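Visitor: Dropping in final.cif, which is mmCIF, C-alpha atoms and all ligand atoms:
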```cif
data_start
loop_
_atom_site.label_atom_id
_atom_site.label_comp_id
_atom_site.auth_asym_id
_atom_site.auth_seq_id
_atom_site.Cartn_x
_atom_site.Cartn_y
_atom_site.Cartn_z
CA MET A 1 103.81 80.69 119.26
CA SER A 2 102.48 83.90 120.80
CA GLY A 3 105.46 83.65 123.13
CA GLN A 4 107.78 84.08 120.18
CA LEU A 5 105.81 86.74 118.35
CA SER A 6 105.27 90.15 119.89
CA PRO A 7 101.62 91.05 120.62
CA ILE A 8 101.59 93.38 117.61
CA ASP A 9 102.94 90.71 115.26
CA THR A 10 100.48 88.20 116.71
CA ALA A 11 97.68 90.66 115.99
CA LYS A 12 98.85 91.17 112.40
CA PHE A 13 99.37 87.45 111.90
CA VAL A 14 95.94 86.36 113.18
CA ALA A 15 94.21 89.05 111.11
CA ALA A 16 96.07 87.77 108.03
CA LYS A 17 95.36 84.13 108.87
CA ARG A 18 91.62 84.82 109.25
CA ALA A 19 91.48 86.91 106.08
CA VAL A 20 92.99 84.21 103.87
CA GLU A 21 90.10 81.95 104.91
CA PHE A 22 88.04 84.11 102.50
CA VAL A 23 90.21 82.93 99.61
CA GLU A 24 88.77 80.19 97.40
CA ASP A 25 90.27 77.96 94.74
CA GLY A 26 90.57 79.66 91.36
CA MET A 27 90.46 83.21 92.70
CA LYS A 28 92.40 86.13 91.24
CA LEU A 29 93.71 88.09 94.20
CA GLY A 30 95.17 91.54 94.82
CA LEU A 31 98.11 91.23 97.20
CA GLY A 32 98.67 94.30 99.38
CA THR A 33 101.88 95.83 100.68
CA GLY A 34 103.31 96.37 104.17
CA SER A 35 104.15 94.33 107.24
CA THR A 36 100.56 93.12 107.79
CA ALA A 37 100.09 92.27 104.12
CA ALA A 38 103.39 90.35 104.25
CA TRP A 39 101.80 88.07 106.86
CA MET A 40 98.89 87.56 104.50
CA VAL A 41 101.22 86.57 101.64
CA ARG A 42 102.94 84.05 103.94
CA CYS A 43 99.58 82.61 105.08
CA LEU A 44 98.49 82.35 101.45
CA GLY A 45 101.76 80.65 100.54
CA GLU A 46 101.13 78.13 103.30
CA ARG A 47 97.69 77.30 101.85
CA VAL A 48 99.17 77.00 98.34
CA ARG A 49 101.86 74.59 99.56
CA GLU A 50 99.81 72.56 102.03
CA GLU A 51 96.34 72.48 100.45
CA GLY A 52 97.28 72.88 96.80
CA LEU A 53 95.14 76.05 96.69
CA LYS A 54 95.14 77.40 93.13
CA ILE A 55 95.17 81.18 92.96
CA ILE A 56 96.76 83.93 90.88
CA GLY A 57 98.07 87.00 92.71
CA VAL A 58 98.48 90.55 91.48
CA PRO A 59 101.07 92.23 93.74
CA THR A 60 100.81 95.93 94.60
CA SER A 61 104.56 96.53 94.87
CA SER A 62 107.91 95.07 93.88
CA ARG A 63 108.39 94.02 97.55
CA THR A 64 105.18 92.03 97.59
CA ALA A 65 105.97 90.50 94.20
CA GLU A 66 109.29 89.24 95.54
CA LEU A 67 107.72 87.76 98.69
CA ALA A 68 104.91 86.12 96.71
CA ARG A 69 107.45 84.47 94.40
CA GLN A 70 109.41 83.22 97.43
CA GLN A 71 106.18 81.76 98.80
CA GLY A 72 105.44 79.86 95.59
CA ILE A 73 102.41 81.99 94.70
CA THR A 74 101.77 82.43 90.97
CA ILE A 75 101.69 86.13 90.15
CA THR A 76 100.69 88.15 87.13
CA SER A 77 100.04 91.76 86.16
CA LEU A 78 96.70 93.52 86.56
CA ASP A 79 96.55 93.92 82.79
CA GLU A 80 96.79 90.14 82.38
CA ALA A 81 94.30 89.42 85.19
CA LYS A 82 91.96 92.26 84.13
CA TRP A 83 89.60 91.99 87.12
CA LEU A 84 90.10 90.47 90.57
CA ASP A 85 87.85 88.57 92.94
CA LEU A 86 89.38 89.93 96.12
CA THR A 87 92.16 92.21 97.38
CA ILE A 88 93.60 91.80 100.88
CA ASP A 89 95.74 94.68 102.14
CA GLY A 90 96.77 96.55 105.28
CA ALA A 91 95.93 100.16 106.14
CA ASP A 92 97.36 103.02 108.16
CA GLU A 93 93.96 104.09 109.52
CA PHE A 94 90.33 103.02 109.11
CA ASP A 95 87.14 104.57 110.45
CA SER A 96 83.73 103.09 111.31
CA GLU A 97 82.60 103.43 107.66
CA LEU A 98 85.74 101.55 106.56
CA ASN A 99 87.21 104.57 104.84
CA LEU A 100 90.98 104.31 104.92
CA ILE A 101 94.27 106.13 104.88
CA LYS A 102 96.87 104.10 103.00
CA GLY A 103 100.32 104.75 101.61
CA GLY A 104 102.53 104.52 104.69
CA GLY A 105 104.52 101.99 102.67
CA ALA A 106 104.53 104.27 99.59
CA ALA A 107 102.49 101.82 97.51
CA LEU A 108 99.15 103.65 97.51
CA LEU A 109 98.92 104.11 93.75
CA GLN A 110 99.15 100.46 92.78
CA GLU A 111 97.15 99.53 95.90
CA LYS A 112 94.27 101.82 94.93
CA ILE A 113 94.21 100.66 91.30
CA VAL A 114 94.25 97.01 92.35
CA ALA A 115 91.62 97.39 95.11
CA THR A 116 89.34 99.33 92.78
CA ALA A 117 89.64 96.55 90.20
CA SER A 118 88.42 93.96 92.71
CA ASP A 119 84.95 92.69 93.56
CA GLN A 120 85.85 92.92 97.25
CA MET A 121 88.53 94.48 99.44
CA ILE A 122 89.43 93.13 102.87
CA VAL A 123 91.65 95.20 105.14
CA ILE A 124 93.73 93.41 107.76
CA SER A 125 94.89 95.37 110.75
CA ASP A 126 95.75 95.46 114.40
CA VAL A 127 93.41 97.49 116.59
CA SER A 128 95.73 100.53 116.73
CA LYS A 129 94.68 101.57 113.20
CA ARG A 130 91.01 102.05 114.14
CA VAL A 131 90.13 105.74 114.53
CA ASP A 132 87.00 107.84 115.03
CA THR A 133 88.20 110.43 112.51
CA LEU A 134 90.85 109.91 109.84
CA GLY A 135 93.87 112.19 109.77
CA ALA A 136 96.16 111.62 112.75
CA PHE A 137 98.30 109.52 110.40
CA PRO A 138 99.81 111.88 107.79
CA LEU A 139 97.92 111.45 104.51
CA PRO A 140 100.29 110.32 101.74
CA ILE A 141 99.77 111.56 98.20
CA GLU A 142 101.80 110.43 95.20
CA ILE A 143 103.13 113.31 93.08
CA ILE A 144 105.26 113.36 89.96
CA PRO A 145 108.87 114.55 90.39
CA PHE A 146 108.53 117.26 87.71
CA GLY A 147 107.75 120.55 89.45
CA TRP A 148 107.11 118.85 92.77
CA GLN A 149 107.69 122.06 94.75
CA THR A 150 104.95 123.79 92.76
CA THR A 151 102.63 120.84 93.38
CA LYS A 152 103.46 121.01 97.09
CA ALA A 153 102.65 124.74 97.17
CA LEU A 154 99.35 124.21 95.33
CA VAL A 155 98.33 121.47 97.75
CA GLU A 156 99.22 123.65 100.75
CA GLU A 157 97.17 126.48 99.26
CA LEU A 158 93.99 124.43 99.03
CA LEU A 159 94.19 122.74 102.45
CA PRO A 160 92.87 125.67 104.57
CA SER A 161 89.55 125.51 102.68
CA MET A 162 89.17 121.78 103.42
CA GLU A 163 87.82 120.52 106.75
CA VAL A 164 91.25 119.73 108.20
CA LEU A 165 93.12 120.88 111.31
CA GLY A 166 96.70 120.90 109.97
CA THR A 167 98.04 122.23 106.67
CA THR A 168 101.75 121.38 106.62
CA THR A 169 103.20 118.93 104.12
CA THR A 170 106.54 117.15 103.91
CA LEU A 171 108.28 115.41 101.05
CA ARG A 172 109.05 111.83 102.09
CA MET A 173 112.77 111.11 102.05
CA ASN A 174 114.80 107.95 101.65
CA GLY A 175 118.01 108.94 103.41
CA ASP A 176 119.25 112.14 101.73
CA ALA A 177 117.17 111.77 98.56
CA PRO A 178 113.43 112.04 97.94
CA LEU A 179 111.79 108.63 98.13
CA MET A 180 110.95 107.14 94.73
CA THR A 181 107.87 104.94 94.45
CA ASP A 182 107.66 101.85 92.24
CA GLU A 183 106.13 104.16 89.62
CA GLY A 184 109.06 106.61 89.81
CA ASN A 185 107.12 109.27 91.72
CA HIS A 186 107.53 111.05 95.06
CA ILE A 187 105.32 110.96 98.17
CA LEU A 188 104.08 114.08 99.92
CA ASP A 189 102.80 113.50 103.46
CA LEU A 190 99.98 115.84 104.54
CA HIS A 191 99.90 116.50 108.29
CA LEU A 192 96.17 117.16 108.62
CA ARG A 193 95.53 115.85 112.17
CA SER A 194 91.80 115.50 111.42
CA ILE A 195 89.92 115.06 108.11
CA GLY A 196 86.31 116.26 108.32
CA ASN A 197 85.27 115.27 104.78
CA ALA A 198 87.43 112.51 103.31
CA ARG A 199 85.36 112.14 100.13
CA GLN A 200 85.62 115.83 99.27
CA LEU A 201 89.33 116.01 100.10
CA ALA A 202 90.09 112.96 97.94
CA LEU A 203 88.32 114.54 94.95
CA VAL A 204 89.92 117.97 95.38
CA LEU A 205 93.48 116.67 95.83
CA ASN A 206 93.28 114.74 92.57
CA GLN A 207 92.43 117.96 90.70
CA VAL A 208 95.88 119.42 91.39
CA PRO A 209 98.24 119.05 88.41
CA GLY A 210 101.15 116.89 89.52
CA VAL A 211 99.11 114.84 91.99
CA VAL A 212 98.82 111.30 90.69
CA GLU A 213 96.70 109.81 93.48
CA ASN A 214 95.93 110.25 97.17
CA GLY A 215 95.89 107.70 99.99
CA LEU A 216 92.22 108.15 100.94
CA PHE A 217 90.26 105.00 100.12
CA VAL A 218 86.59 106.01 100.29
CA ASP A 219 83.90 103.37 99.67
CA ILE A 220 86.47 100.82 98.52
CA CYS A 221 86.90 98.56 101.56
CA ASP A 222 84.16 96.00 102.30
CA VAL A 223 85.50 94.06 105.29
CA VAL A 224 88.02 94.76 108.02
CA VAL A 225 89.64 91.94 109.97
CA ILE A 226 91.11 93.29 113.22
CA GLY A 227 93.64 91.11 114.99
CA HIS A 228 94.46 91.24 118.71
CA GLY A 229 97.56 90.22 120.62
CA ASP A 230 95.71 87.32 122.31
CA GLY A 231 94.80 85.65 119.00
CA LYS A 232 91.24 87.02 118.81
CA VAL A 233 89.98 88.53 115.56
CA ASP A 234 87.01 90.78 114.88
CA VAL A 235 85.52 90.59 111.41
CA HIS A 236 83.41 93.59 110.44
CA ASP A 237 81.53 93.44 107.13
CA ILE A 238 80.21 96.91 106.24
CA ASN A 239 77.85 95.64 103.50
CA GLU A 240 76.27 92.91 105.61
CA GLY A 241 76.38 95.06 108.75
CA THR A 242 77.85 92.13 110.71
CA HIS A 243 80.48 91.90 113.47
CA VAL A 244 81.87 88.46 114.32
CA THR A 245 84.62 87.57 116.80
CA ASP A 246 86.76 84.43 116.34
CA GLN A 247 89.76 82.93 118.10
CA ILE A 248 92.61 81.88 115.81
CA GLU A 249 94.50 78.78 116.90
CA PHE A 250 98.00 78.33 115.57
CA ALA A 251 100.79 75.92 116.40
CA GLU A 252 104.39 76.63 117.25
CA SER A 253 105.36 74.25 114.49
CA ASP A 254 103.72 76.43 111.79
CA ASN A 255 106.51 76.64 109.22
CA ILE A 256 105.19 80.03 108.20
CA PHE A 257 107.37 81.53 110.92
CA SER A 258 110.59 80.31 109.38
CA ASP A 259 111.13 83.44 107.24
CA LEU A 260 110.53 86.51 109.31
CA ALA A 261 112.62 88.91 107.28
CA ASP A 262 109.93 91.62 106.70
C1 LIG B 1 101.46 100.59 102.03
C2 LIG B 1 100.26 100.62 102.88
C3 LIG B 1 100.20 99.67 104.03
O1 LIG B 1 99.11 98.84 103.86
C4 LIG B 1 100.06 100.45 105.29
O2 LIG B 1 101.14 101.36 105.36
C5 LIG B 1 100.07 99.53 106.52
O3 LIG B 1 101.33 98.96 106.65
P1 LIG B 1 101.69 98.02 107.88
O4 LIG B 1 100.85 96.80 107.73
O5 LIG B 1 103.17 97.75 107.73
O6 LIG B 1 101.37 98.80 109.13
O7 LIG B 1 99.33 101.36 102.66
O8 LIG B 1 101.45 101.62 101.08
#
```
Show how you would write the structure in this file as structure tokens.
Guide:
Amino acid sequence: MSGQLSPIDTAKFVAAKRAVEFVEDGMKLGLGTGSTAAWMVRCLGERVREEGLKIIGVPTSSRTAELARQQGITITSLDEAKWLDLTIDGADEFDSELNLIKGGGAALLQEKIVATASDQMIVISDVSKRVDTLGAFPLPIEIIPFGWQTTKALVEELLPSMEVLGTTTTLRMNGDAPLMTDEGNHILDLHLRSIGNARQLALVLNQVPGVVENGLFVDICDVVVIGHGDGKVDVHDINEGTHVTDQIEFAESDNIFSDLAD
């Protein structure tokens, strides 16, 4: 199968495949968004179909909701589920303390609410997302459309007093128009290059009127599963302080590969 999948897709797939082994019958699960999370939804769908695994998923975007439905996964809203056992999601960057940058797929708001309402969060990733210091990936923040230029100016004004190297921001576009999130908001990408104090920055950004939420996930993630192009996975549990390496075996006949639209 690795012959058919690129090394990067193999890495995402094996991380997803290993992460869904944490899922147990009866769990309420947060379902992340993005290309890596899409692998996780497919792997979960496979367990639902083949093992009769009984789970309820809370999707973090309309895209994930659609894929989960296609995969035969029962989904509900967070308000119905109230509290979740586990959330599995991708990330744009993670550091050694498992602090994250998320929001590259513009779903950070629902992703943060869902992950925070979960007993445990597992991030699935290829190795390229591991960094010493967060910030090379532009930090997304979700802002309301009303007065967005004022919000942008206020954010730019506070950045020089934060421990960051860059202070420019750009409104994320979808073609010629500002991108609209599932919640009807815009995304501002902060080009910070390096974030010295993620906790402080996350708190300060959320004080700006017009900022709904930022893509820094501090003290939310418990486990990261890092996939590699050769089928190896590293599982790092920050609470247990453990690092385990496994090899994921998968067959060319796995019907999970029949819908590779994402
Ligand atoms: C979406 C996210 C994604 O998890 C993040 O962008 C990673 O995506 P991918 O797995 O496609 O690299 O935060 O808002």
Visitor: Show me which residues line ligand LIG 1 (chain B), defined as having an atom within 8 Å of a ligand atom where all atoms listed in the file count, and present them as a PyMOL selection string.
Guide: chain A and resi 12+32-38+89-92+101-108+111+124-125+215
Visitor: How many Å separate atom CA of A:Gly135 from atom CA of A:Met121?
Guide: 21.2 Å
Visitor: Closest to A:Arg69 among A:Lys28, A:Arg47, A:Lys152, A:Arg42, using all atoms listed in the file?
Guide: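 Of the candidates, the smallest distance to A:Arg69 is held by A:Arg42.
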Visitor: Rank A:Met173, A:Val127, A:Val211, A:Val23 by their smallest atom-to-atom distance to A:His228, using only C-alpha atoms, and report the top residue only.
Guide: A:Val127
Visitor: Please identify every residue of stretch 1-103 of chain A that has at least one atom no farther than 9 Å from an atom of stretch 235-246 of chain A, counting all atoms listed in the file, and for each give the shortest atom pair and the distance in Å to one decimal, arranged by chain then increasing number, as JSON lines.
Guide:
```
{"residue": "A:Ala15", "atom": "CA", "partner": "A:Val235", "partner_atom": "CA", "distance": 8.8}
{"residue": "A:Arg18", "atom": "CA", "partner": "A:Asp246", "partner_atom": "CA", "distance": 8.6}
{"residue": "A:Ala19", "atom": "CA", "partner": "A:Val235", "partner_atom": "CA", "distance": 8.8}
{"residue": "A:Ser96", "atom": "CA", "partner": "A:Ile238", "partner_atom": "CA", "distance": 8.7}
{"residue": "A:Glu97", "atom": "CA", "partner": "A:Ile238", "partner_atom": "CA", "distance": 7.1}
{"residue": "A:Leu98", "atom": "CA", "partner": "A:Ile238", "partner_atom": "CA", "distance": 7.2}
```
Visitor: Within 9 Å of A:Arg49, counting all atoms listed in the file, which residues qualify if same-chain residues fewer than 4 places away don't, as a PyMOL selection string?
Guide: chain A and resi 44-45+53+71-73
Visitor: Between atom CA of A:Val223 and atom CA of A:Thr133, what distance in Å does the model show, to one decimal?
Guide: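 Computing it gives 18.1 Å between the two atoms.
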Visitor: Rounded to one decimal, what separation in Å do you get between atom CA of A:Val48 and atom CA of A:Thr76?
Guide: 15.9 Å
Visitor: Taking all atoms listed in the file into account, name the residue in A:Glu66, A:Asp176, A:Asp79, A:Glu249 that is nearest to A:Gly231.
Guide: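 Ranked by minimum distance to A:Gly231, first place goes to A:Glu249.
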Visitor: What lies within 7 Å of A:Pro59 using only C-alpha atoms, ignoring chain neighbours under 2 positions off, as a PyMOL selection string?
Guide: chain A and resi 30-32+57+61+64-65
Visitor: Between A:Thr116, A:Ser6, A:Gln110, A:Asn99, which one has atoms that come closest to A:Thr181, using all atoms listed in the file?
Guide: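 The closest residue to A:Thr181 is A:Gln110.
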Visitor: Can you tell me, as a list in words, what residues are no more than 6 Å from A:Asp126 when counting all atoms listed in the file, ignoring any on the same chain fewer than 3 positions away?
Guide: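 Final neighbour list, sorted by chain and number: Ala11, Lys12, Ile226 and Gly227 of chain A.
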Visitor: Could you tell me which of A:Val123, A:Leu205, A:Val164, A:Ala117 comes closest to A:Asp95 if we count only C-alpha atoms?
Guide: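 Closest candidate: A:Val123.
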Visitor: Tell me which of A:Cys221, A:Ala68, A:Phe94, A:Leu100 sits closest to A:Arg130, counting only C-alpha atoms.
Guide: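 Of the candidates, the smallest distance to A:Arg130 is held by A:Phe94.
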Visitor: Using all atoms listed in the file, which protein or nucleic acid residues come within 12 Å of A:Ile195? Drop anything in the same chain fewer than 2 positions from it, and give the result as a PyMOL selection string.
Guide: chain A and resi 93+95+99-101+131-139+159-167+190-193+197-202+216
Visitor: Name the residues in contact with A:Leu179 at a cut-off of 12 Å, using only C-alpha atoms, excluding same-chain residues fewer than 5 positions from it; report them as a PyMOL selection string.
Guide: chain A and resi 105-107+142-145+170-174+184-189
Visitor: Missing atoms in stretch 114-125 of chain A: can you complete it with all heavy atoms, as a compact mmCIF listing (two decimals), in the frame of the given file?
Guide:
```txt
# COMPACT_ATOMS: atom_id res chain seq x y z
N VAL A 114 94.54 98.44 92.19
CA VAL A 114 94.25 97.01 92.35
C VAL A 114 92.97 96.81 93.18
O VAL A 114 92.09 96.02 92.81
CB VAL A 114 95.46 96.28 92.99
CG1 VAL A 114 95.08 94.90 93.50
CG2 VAL A 114 96.59 96.18 91.97
N ALA A 115 92.83 97.55 94.27
CA ALA A 115 91.62 97.39 95.11
C ALA A 115 90.37 97.81 94.35
O ALA A 115 89.31 97.18 94.48
CB ALA A 115 91.76 98.22 96.39
N THR A 116 90.49 98.85 93.54
CA THR A 116 89.34 99.33 92.78
C THR A 116 88.94 98.33 91.69
O THR A 116 87.78 98.26 91.29
CB THR A 116 89.67 100.72 92.16
OG1 THR A 116 90.04 101.59 93.22
CG2 THR A 116 88.48 101.33 91.45
N ALA A 117 89.90 97.55 91.24
CA ALA A 117 89.64 96.55 90.20
C ALA A 117 89.28 95.20 90.80
O ALA A 117 89.48 94.16 90.17
CB ALA A 117 90.87 96.42 89.30
N SER A 118 88.75 95.20 92.02
CA SER A 118 88.42 93.96 92.71
C SER A 118 86.94 93.96 93.13
O SER A 118 86.41 95.00 93.51
CB SER A 118 89.25 93.82 94.00
OG SER A 118 90.62 93.89 93.70
N ASP A 119 86.33 92.79 93.09
CA ASP A 119 84.95 92.69 93.56
C ASP A 119 84.85 93.06 95.04
O ASP A 119 83.86 93.61 95.49
CB ASP A 119 84.44 91.24 93.41
CG ASP A 119 84.10 90.93 91.96
OD1 ASP A 119 83.87 91.87 91.18
OD2 ASP A 119 84.09 89.73 91.61
N GLN A 120 85.89 92.72 95.80
CA GLN A 120 85.85 92.92 97.25
C GLN A 120 87.23 93.30 97.77
O GLN A 120 88.23 92.80 97.25
CB GLN A 120 85.38 91.62 97.91
CG GLN A 120 84.88 91.82 99.31
CD GLN A 120 84.48 90.52 100.00
OE1 GLN A 120 85.03 89.47 99.71
NE2 GLN A 120 83.57 90.62 100.95
N MET A 121 87.26 94.18 98.77
CA MET A 121 88.53 94.48 99.44
C MET A 121 88.40 94.18 100.93
O MET A 121 87.47 94.66 101.60
CB MET A 121 88.92 95.95 99.29
CG MET A 121 90.24 96.28 99.98
SD MET A 121 90.59 98.02 100.11
CE MET A 121 92.35 97.99 100.48
N ILE A 122 89.35 93.40 101.43
CA ILE A 122 89.43 93.13 102.87
C ILE A 122 90.68 93.81 103.42
O ILE A 122 91.77 93.62 102.87
CB ILE A 122 89.52 91.61 103.15
CG1 ILE A 122 88.27 90.89 102.65
CG2 ILE A 122 89.73 91.34 104.65
CD1 ILE A 122 88.30 89.38 102.84
N VAL A 123 90.50 94.60 104.47
CA VAL A 123 91.65 95.20 105.14
C VAL A 123 91.98 94.39 106.39
O VAL A 123 91.08 93.97 107.13
CB VAL A 123 91.38 96.68 105.48
CG1 VAL A 123 92.26 97.17 106.63
CG2 VAL A 123 91.63 97.54 104.26
N ILE A 124 93.26 94.13 106.57
CA ILE A 124 93.73 93.41 107.76
C ILE A 124 94.54 94.39 108.60
O ILE A 124 95.34 95.17 108.08
CB ILE A 124 94.57 92.17 107.37
CG1 ILE A 124 95.60 92.51 106.30
CG2 ILE A 124 93.66 91.05 106.93
CD1 ILE A 124 96.48 91.33 105.89
N SER A 125 94.32 94.32 109.92
CA SER A 125 94.89 95.37 110.75
C SER A 125 94.96 94.92 112.21
O SER A 125 94.21 94.04 112.63
CB SER A 125 93.97 96.60 110.66
OG SER A 125 94.41 97.61 111.53
```
